[in-house]
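Everything below concerns the one structure shown next.
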Amino acid sequence: MTTRAMQFRGSLTSREQVAVYEFAWPVVILVPLAAVAIQAFLPVRVRFLPILDLPMMVVIFFAVARRNPISGCITGAIIGLLQDTLAGPAHPIGMYGIADTIIGFAASSLGVKIDVENPGTRFLITYIFFVAHQGIYFGVAHGLLRQSIQWSWSQVALSALANAVVGIVVYGFLDRFKRR
Amino acid sequence: METILGRFRNLIVLAAILFAQIVGLAVQVKRPAQQGDTRLIRVWAVGAITPFEKGVVNTQKFFYNTWHNYIYLRGVRRENRELRAELDRMKLEQVRLKEDAEMARRIQSLLAFKEQHIDSTVAAQVIGTSGSDQSRVLYIDKGSKQGIKNDMAVITPNGVVGKVVQVFPESAQVLPINDQLSGVGVTLTNTRLQGILRGGPNGTTTVQYVMADERVVPGEEVITSGGDRIFPKGLPVGKVVDVKPGRDLFLSIRVSPSSQLDRLEEVLVVTKVMEKPPDVHDLGPIRVSDILAQRLPTLPDKPQVDAAGKPITAQGTSGPQGTPAAGASASSAGTAASGTRPGAPGAASNRGAPGVGTTTRPATATNGLDAAGAAAIGTRTTTGATKPATASSTSTGTAGAAAAVKKPGTTTPTDTETQAPLNGASASPEASPSRASDTAEPKAAKPTEENAPPRNSAPSKPPPDNPQR
């Protein structure tokens, strides 16, 4: 039983304490790698898959499970940079890295405050974080790099919905790797 | 101090990580990777991911092949019958295309053109994508060890896919034509307009830099122009699906790619393109009148009647004033035909193909060969003029001359038979008013202003010192 308990600093949940989970090292290494690989491979066969962002879901999952902001932003940075390396030559390394770093930090900070175990909360945070992720990416691309990419609210909203739905399933699967 | 660091430790770490990445971004923007260079971190990441992808693809392929090649054979016999029928049709089509191809090679040799041939290709499987909606790059399972290099063209039998932009030892990155960074020199087949095909943010492809006053209609085929020195000329790219005004007096021509870019599985990487003059040694002697003769489809023989109403039994179609063209010399018949028929090659080019309505460039009209030659050297021609089998530029008299100058081994009936299906309804005089006037009317021989012989039309006699002979 490696689950630790963390004292709540706020009162956003009725529970006095929330569990802090740990993961085996192979899981910590292989799950992000698998997420990035699946994200890169499946669009070859499944046309709509690029709207999903599996690596971002993994970042959110690890961040809220560990509830440690430093760990969350480091995990986000590593997964984001890995995602960057597979993108095209016009995609500078660091765009996804910055977005995932901020998402990891925010998710773990939120995980300290509220209970993120139930599907409703997971749906909501995935939806919000996906929109935030896209916004950060757009801001970096447009503001820092002057890239001409287009922002479409409808597309982002639909993608966020798809990610939130799939996220519930993914989190349910990844829950099995939590150490109890 | 210690308290402050402890209190804001999380934020300090976050700021440090973000700062490091922003600096990294700035470095990359300031010093972009040189052509052919690949950042080491990309090599590591791709090296870590591609074995997994290759394994999945190979496993999937194994099960797919096992199922489809040994178990699921429903409908194979019917499909086989259909394919055989298709093969028979293709054989007939090949006979006709062979004639056209030989004619084109002769013209190319006259113009000292060099043909581009795809000499060798490497088949590769698509094993991955960027995984991002912002970038549409693909990964293939062949890399530098298999001879893949940067800027090699990637195609499928259906058309162009993209080009290689980064090469790793066991894999390579392909930039498809619908990526925002992609650019391909293209030509619209009918109007011969040239432009640049670019990808859009949503994966659409548009042809840019075509002036707004040009007439482009949906359905027109788009092929590579060869101007980008990456894709060989003439590869299919796609089909025009929408035309609307774009920015700065240019049209925005949306193109549907021939290759299904969102469901690619196997591709061909063009590893070697050869340029060589067309080989015409086995095609026999050549004259301009030969080219014109083969260029112009013949009409089905109609029974000729004299003034008394008796059928004339002379071979070939009649020239001007009812004189059998076969009886006249090739040169004089050709001249007469060119001079008296509105549908002769030069005249046809000047007037534009009836019913097509596209503009014609003067350069084509003064080109004494034909429209295809002008088109090949970059001038734009009429739709009808570029199609050998289009009936709008045909002339009975010239066709008669064609029969007279046929070189041995090339028979007019073959031409007639193979081109007749394409001529279709317009091959009959009743179907087209212009064709009706092209039939052997005696008054057509009068040198009026309208039917005056075009400059640089077919030579009146074969050049005696023609080096091709």
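Just so we're on the same page: first chain in the structure tokens is A, next is B, and so on; residues restart at 1 for each chain, and ligands are numbered from 1 in the order they show up.
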Each residue of chain A with at least one atom at most 8 Å from chain B should appear once, together with its nearest atom pair and the corresponding distance in Å (one decimal); atoms considered: only C-alpha atoms; ordering: chain, then increasing residue number; output as JSON lines.
```
{"residue": "A:Leu33", "atom": "CA", "partner": "B:Ile49", "partner_atom": "CA", "distance": 7.7}
{"residue": "A:Val36", "atom": "CA", "partner": "B:Gly131", "partner_atom": "CA", "distance": 7.7}
{"residue": "A:Ala37", "atom": "CA", "partner": "B:Ile49", "partner_atom": "CA", "distance": 5.9}
{"residue": "A:Gln39", "atom": "CA", "partner": "B:Gly131", "partner_atom": "CA", "distance": 4.9}
{"residue": "A:Ala40", "atom": "CA", "partner": "B:Gly131", "partner_atom": "CA", "distance": 4.1}
{"residue": "A:Phe41", "atom": "CA", "partner": "B:Gly128", "partner_atom": "CA", "distance": 4.3}
{"residue": "A:Leu42", "atom": "CA", "partner": "B:Gly128", "partner_atom": "CA", "distance": 7.4}
{"residue": "A:Pro43", "atom": "CA", "partner": "B:Thr129", "partner_atom": "CA", "distance": 6.6}
{"residue": "A:Val44", "atom": "CA", "partner": "B:Gly128", "partner_atom": "CA", "distance": 6.0}
{"residue": "A:Arg45", "atom": "CA", "partner": "B:Arg263", "partner_atom": "CA", "distance": 6.5}
{"residue": "A:Arg47", "atom": "CA", "partner": "B:Asp262", "partner_atom": "CA", "distance": 6.4}
{"residue": "A:Pro50", "atom": "CA", "partner": "B:Asp133", "partner_atom": "CA", "distance": 5.3}
{"residue": "A:Ile51", "atom": "CA", "partner": "B:Asp133", "partner_atom": "CA", "distance": 6.4}
{"residue": "A:Pro69", "atom": "CA", "partner": "B:Asn10", "partner_atom": "CA", "distance": 6.2}
{"residue": "A:Ile70", "atom": "CA", "partner": "B:Asn10", "partner_atom": "CA", "distance": 5.7}
{"residue": "A:Cys73", "atom": "CA", "partner": "B:Leu14", "partner_atom": "CA", "distance": 6.5}
{"residue": "A:Ile74", "atom": "CA", "partner": "B:Ile17", "partner_atom": "CA", "distance": 7.8}
{"residue": "A:Ala77", "atom": "CA", "partner": "B:Ile17", "partner_atom": "CA", "distance": 7.6}
{"residue": "A:Leu82", "atom": "CA", "partner": "B:Ala45", "partner_atom": "CA", "distance": 6.6}
{"residue": "A:Gln83", "atom": "CA", "partner": "B:Gly131", "partner_atom": "CA", "distance": 8.0}
{"residue": "A:Thr85", "atom": "CA", "partner": "B:Arg42", "partner_atom": "CA", "distance": 4.8}
{"residue": "A:Leu86", "atom": "CA", "partner": "B:Ser130", "partner_atom": "CA", "distance": 5.4}
{"residue": "A:Ala87", "atom": "CA", "partner": "B:Ser130", "partner_atom": "CA", "distance": 4.5}
{"residue": "A:Gly88", "atom": "CA", "partner": "B:Val137", "partner_atom": "CA", "distance": 5.6}
{"residue": "A:Pro89", "atom": "CA", "partner": "B:Val165", "partner_atom": "CA", "distance": 7.5}
{"residue": "A:Ala90", "atom": "CA", "partner": "B:Leu181", "partner_atom": "CA", "distance": 7.6}
{"residue": "A:His91", "atom": "CA", "partner": "B:Ser135", "partner_atom": "CA", "distance": 7.6}
{"residue": "A:Pro92", "atom": "CA", "partner": "B:Leu25", "partner_atom": "CA", "distance": 6.3}
{"residue": "A:Ile93", "atom": "CA", "partner": "B:Leu25", "partner_atom": "CA", "distance": 6.6}
{"residue": "A:Gly94", "atom": "CA", "partner": "B:Gln21", "partner_atom": "CA", "distance": 5.5}
{"residue": "A:Met95", "atom": "CA", "partner": "B:Leu25", "partner_atom": "CA", "distance": 7.8}
{"residue": "A:Gly97", "atom": "CA", "partner": "B:Gln21", "partner_atom": "CA", "distance": 7.2}
{"residue": "A:Ile98", "atom": "CA", "partner": "B:Leu18", "partner_atom": "CA", "distance": 6.0}
{"residue": "A:Thr101", "atom": "CA", "partner": "B:Leu18", "partner_atom": "CA", "distance": 7.4}
{"residue": "A:Ile102", "atom": "CA", "partner": "B:Leu14", "partner_atom": "CA", "distance": 7.6}
{"residue": "A:Phe105", "atom": "CA", "partner": "B:Leu14", "partner_atom": "CA", "distance": 7.3}
{"residue": "A:Leu145", "atom": "CA", "partner": "B:Val29", "partner_atom": "CA", "distance": 7.6}
{"residue": "A:Ile149", "atom": "CA", "partner": "B:Pro201", "partner_atom": "CA", "distance": 6.8}
{"residue": "A:Gln150", "atom": "CA", "partner": "B:Pro201", "partner_atom": "CA", "distance": 7.1}
```
From a DSSP pass on the backbone, collect the residues of chain A flagged as strand (DSSP E) and hand them back as a PDB file with N, CA and C atoms, in the first residue's frame.
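The file below, states-v2.pdb, is the result:
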```
ATOM      1  N   ARG A   4      -0.508   7.453  -0.355  1.00  0.00           N
ATOM      2  CA  ARG A   4      -0.340   8.386   0.745  1.00  0.00           C
ATOM      3  C   ARG A   4      -1.554   9.294   0.806  1.00  0.00           C
ATOM      4  N   ALA A   5      -1.637   9.976   1.879  1.00  0.00           N
ATOM      5  CA  ALA A   5      -2.757  10.918   2.036  1.00  0.00           C
ATOM      6  C   ALA A   5      -2.219  12.330   2.148  1.00  0.00           C
ATOM      7  N   MET A   6      -2.922  13.239   1.532  1.00  0.00           N
ATOM      8  CA  MET A   6      -2.506  14.634   1.583  1.00  0.00           C
ATOM      9  C   MET A   6      -3.631  15.452   2.217  1.00  0.00           C
ATOM     10  N   GLN A   7      -3.201  16.294   3.148  1.00  0.00           N
ATOM     11  CA  GLN A   7      -4.186  17.135   3.823  1.00  0.00           C
ATOM     12  C   GLN A   7      -4.714  18.185   2.850  1.00  0.00           C
ATOM     13  N   GLN A  17      -9.309  14.249   3.269  1.00  0.00           N
ATOM     14  CA  GLN A  17      -8.010  13.957   2.674  1.00  0.00           C
ATOM     15  C   GLN A  17      -8.223  13.325   1.305  1.00  0.00           C
ATOM     16  N   VAL A  18      -7.255  13.521   0.435  1.00  0.00           N
ATOM     17  CA  VAL A  18      -7.312  12.854  -0.858  1.00  0.00           C
ATOM     18  C   VAL A  18      -6.081  11.979  -1.002  1.00  0.00           C
ATOM     19  N   ALA A  19      -6.249  10.920  -1.757  1.00  0.00           N
ATOM     20  CA  ALA A  19      -5.152   9.967  -1.912  1.00  0.00           C
ATOM     21  C   ALA A  19      -4.143  10.486  -2.923  1.00  0.00           C
ATOM     22  N   VAL A  20      -2.888  10.224  -2.650  1.00  0.00           N
ATOM     23  CA  VAL A  20      -1.808  10.528  -3.598  1.00  0.00           C
ATOM     24  C   VAL A  20      -1.259   9.191  -4.069  1.00  0.00           C
TER      25      VAL A  20
END
```
Exercise for the section: Within region 21-161 of chain A, find each residue whose DSSP state, derived from the backbone, is helix (DSSP H, G or I), and express the selection as a PyMOL selection string. Expected result: chain A and resi 25-44+49-51+54-66+69-86+95-113+119-144+153-161
Practice task
Measure the distance from CA of Asp141 (chain B) to CA of Ser120 (chain B) in Å and round it to one decimal.
Solution key: 17.5 Å
Practice task
Using only C-alpha atoms, determine which residues lie at most 12 Å from region 131-133 of chain A, disregarding the query and same-chain residues fewer than 2 positions distant; provide the list as number ranges by chain.
Solution key: A: 53, 55-57, 59-60, 76, 80, 95-107, 124-129, 135-140, 151-164
Go ahead and dump the residues you just picked, N, CA and C atoms, as a short mmCIF file (atom, residue, chain, number, x, y, z; two decimals), in the first residue's frame.
```
data_model
loop_
_atom_site.label_atom_id
_atom_site.label_comp_id
_atom_site.auth_asym_id
_atom_site.auth_seq_id
_atom_site.Cartn_x
_atom_site.Cartn_y
_atom_site.Cartn_z
N ASP A 53 -6.23 13.83 -28.28
CA ASP A 53 -4.89 14.13 -27.81
C ASP A 53 -4.58 13.21 -26.63
N PRO A 55 -1.65 12.01 -25.53
CA PRO A 55 -0.59 12.44 -24.62
C PRO A 55 -1.08 13.46 -23.59
N MET A 56 -1.94 14.36 -24.01
CA MET A 56 -2.45 15.34 -23.04
C MET A 56 -3.28 14.65 -21.95
N MET A 57 -4.03 13.64 -22.34
CA MET A 57 -4.82 12.91 -21.33
C MET A 57 -3.89 12.23 -20.32
N VAL A 59 -0.93 13.23 -19.49
CA VAL A 59 -0.39 14.29 -18.62
C VAL A 59 -1.38 14.62 -17.51
N ILE A 60 -2.62 14.78 -17.90
CA ILE A 60 -3.65 15.13 -16.90
C ILE A 60 -3.78 14.00 -15.87
N GLY A 76 4.58 16.79 -17.91
CA GLY A 76 4.01 17.47 -19.08
C GLY A 76 5.08 17.92 -20.05
N GLY A 80 5.26 16.43 -23.75
CA GLY A 80 5.05 17.43 -24.80
C GLY A 80 6.24 17.50 -25.75
N MET A 95 6.66 23.56 -28.65
CA MET A 95 5.30 24.09 -28.71
C MET A 95 4.35 23.25 -27.86
N TYR A 96 4.35 21.96 -28.09
CA TYR A 96 3.54 21.10 -27.24
C TYR A 96 4.15 21.02 -25.84
N GLY A 97 5.46 21.14 -25.76
CA GLY A 97 6.13 21.08 -24.47
C GLY A 97 5.62 22.16 -23.53
N ILE A 98 5.54 23.38 -24.04
CA ILE A 98 5.06 24.49 -23.21
C ILE A 98 3.60 24.26 -22.81
N ALA A 99 2.79 23.86 -23.77
CA ALA A 99 1.37 23.67 -23.48
C ALA A 99 1.16 22.56 -22.45
N ASP A 100 1.86 21.46 -22.63
CA ASP A 100 1.67 20.34 -21.69
C ASP A 100 2.26 20.63 -20.32
N THR A 101 3.33 21.43 -20.30
CA THR A 101 3.90 21.81 -19.00
C THR A 101 2.87 22.58 -18.18
N ILE A 102 2.25 23.54 -18.81
CA ILE A 102 1.26 24.36 -18.09
C ILE A 102 0.05 23.51 -17.69
N ILE A 103 -0.37 22.63 -18.59
CA ILE A 103 -1.52 21.77 -18.27
C ILE A 103 -1.17 20.84 -17.11
N GLY A 104 0.02 20.29 -17.12
CA GLY A 104 0.43 19.40 -16.03
C GLY A 104 0.46 20.13 -14.70
N PHE A 105 0.97 21.32 -14.74
CA PHE A 105 1.02 22.11 -13.51
C PHE A 105 -0.38 22.43 -13.02
N ALA A 106 -1.22 22.88 -13.93
CA ALA A 106 -2.57 23.27 -13.54
C ALA A 106 -3.37 22.06 -13.06
N ALA A 107 -3.22 20.94 -13.73
CA ALA A 107 -4.00 19.75 -13.35
C ALA A 107 -3.59 19.26 -11.97
N LEU A 124 -15.27 17.03 -17.01
CA LEU A 124 -15.20 18.50 -16.98
C LEU A 124 -13.75 19.00 -17.08
N ILE A 125 -12.87 18.40 -16.30
CA ILE A 125 -11.49 18.92 -16.33
C ILE A 125 -10.82 18.61 -17.66
N THR A 126 -11.16 17.48 -18.25
CA THR A 126 -10.56 17.18 -19.56
C THR A 126 -11.05 18.19 -20.60
N TYR A 127 -12.33 18.47 -20.54
CA TYR A 127 -12.89 19.45 -21.49
C TYR A 127 -12.19 20.81 -21.33
N ILE A 128 -12.12 21.26 -20.11
CA ILE A 128 -11.54 22.59 -19.86
C ILE A 128 -10.05 22.61 -20.21
N PHE A 129 -9.35 21.56 -19.79
CA PHE A 129 -7.91 21.55 -20.05
C PHE A 129 -7.60 21.40 -21.54
N GLY A 135 -5.60 26.65 -26.57
CA GLY A 135 -5.37 28.08 -26.47
C GLY A 135 -3.89 28.41 -26.27
N ILE A 136 -3.24 27.65 -25.41
CA ILE A 136 -1.81 27.89 -25.17
C ILE A 136 -1.01 27.60 -26.45
N TYR A 137 -1.36 26.51 -27.10
CA TYR A 137 -0.65 26.16 -28.34
C TYR A 137 -0.83 27.27 -29.38
N PHE A 138 -2.07 27.74 -29.50
CA PHE A 138 -2.32 28.80 -30.46
C PHE A 138 -1.55 30.06 -30.08
N GLY A 139 -1.53 30.34 -28.78
CA GLY A 139 -0.81 31.53 -28.33
C GLY A 139 0.68 31.44 -28.63
N VAL A 140 1.26 30.28 -28.39
CA VAL A 140 2.69 30.11 -28.68
C VAL A 140 2.94 30.22 -30.18
N TRP A 151 -7.83 29.63 -35.69
CA TRP A 151 -8.54 29.22 -34.48
C TRP A 151 -10.01 29.07 -34.82
N SER A 152 -10.55 27.93 -34.50
CA SER A 152 -11.96 27.70 -34.77
C SER A 152 -12.62 27.23 -33.48
N TRP A 153 -13.52 28.06 -32.95
CA TRP A 153 -14.17 27.71 -31.69
C TRP A 153 -14.96 26.42 -31.82
N SER A 154 -15.66 26.29 -32.93
CA SER A 154 -16.49 25.10 -33.09
C SER A 154 -15.64 23.83 -33.13
N GLN A 155 -14.55 23.92 -33.84
CA GLN A 155 -13.69 22.74 -33.93
C GLN A 155 -13.07 22.40 -32.57
N VAL A 156 -12.65 23.44 -31.87
CA VAL A 156 -12.07 23.21 -30.54
C VAL A 156 -13.12 22.63 -29.60
N ALA A 157 -14.33 23.16 -29.67
CA ALA A 157 -15.37 22.67 -28.76
C ALA A 157 -15.70 21.20 -29.04
N LEU A 158 -15.79 20.87 -30.32
CA LEU A 158 -16.09 19.48 -30.67
C LEU A 158 -14.95 18.55 -30.28
N SER A 159 -13.73 19.00 -30.55
CA SER A 159 -12.57 18.18 -30.19
C SER A 159 -12.51 17.99 -28.68
N ALA A 160 -12.80 19.05 -27.94
CA ALA A 160 -12.77 18.96 -26.48
C ALA A 160 -13.82 17.97 -25.99
N LEU A 161 -14.96 17.99 -26.62
CA LEU A 161 -16.02 17.04 -26.24
C LEU A 161 -15.56 15.60 -26.48
N ALA A 162 -14.99 15.37 -27.66
CA ALA A 162 -14.51 14.02 -27.99
C ALA A 162 -13.42 13.59 -27.01
N ASN A 163 -12.52 14.51 -26.70
CA ASN A 163 -11.44 14.17 -25.76
C ASN A 163 -11.98 13.89 -24.37
N ALA A 164 -12.98 14.65 -23.97
CA ALA A 164 -13.54 14.45 -22.63
C ALA A 164 -14.21 13.08 -22.52
#
```
Practice task
Select, from A:Ile168, A:Leu49, A:Leu30, A:Phe177, the residue with the minimum atom-to-atom distance to Asn118 (chain A), counting only C-alpha atoms.
Solution key: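 Counting only C-alpha atoms, the residue closest to Asn118 (chain A) is A:Ile168.
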Problem - Two-atom distance - CA of Val28 (chain A), CA of Gly172 (chain A) (Å) - result: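 Interatomic distance here is 16.4 Å.
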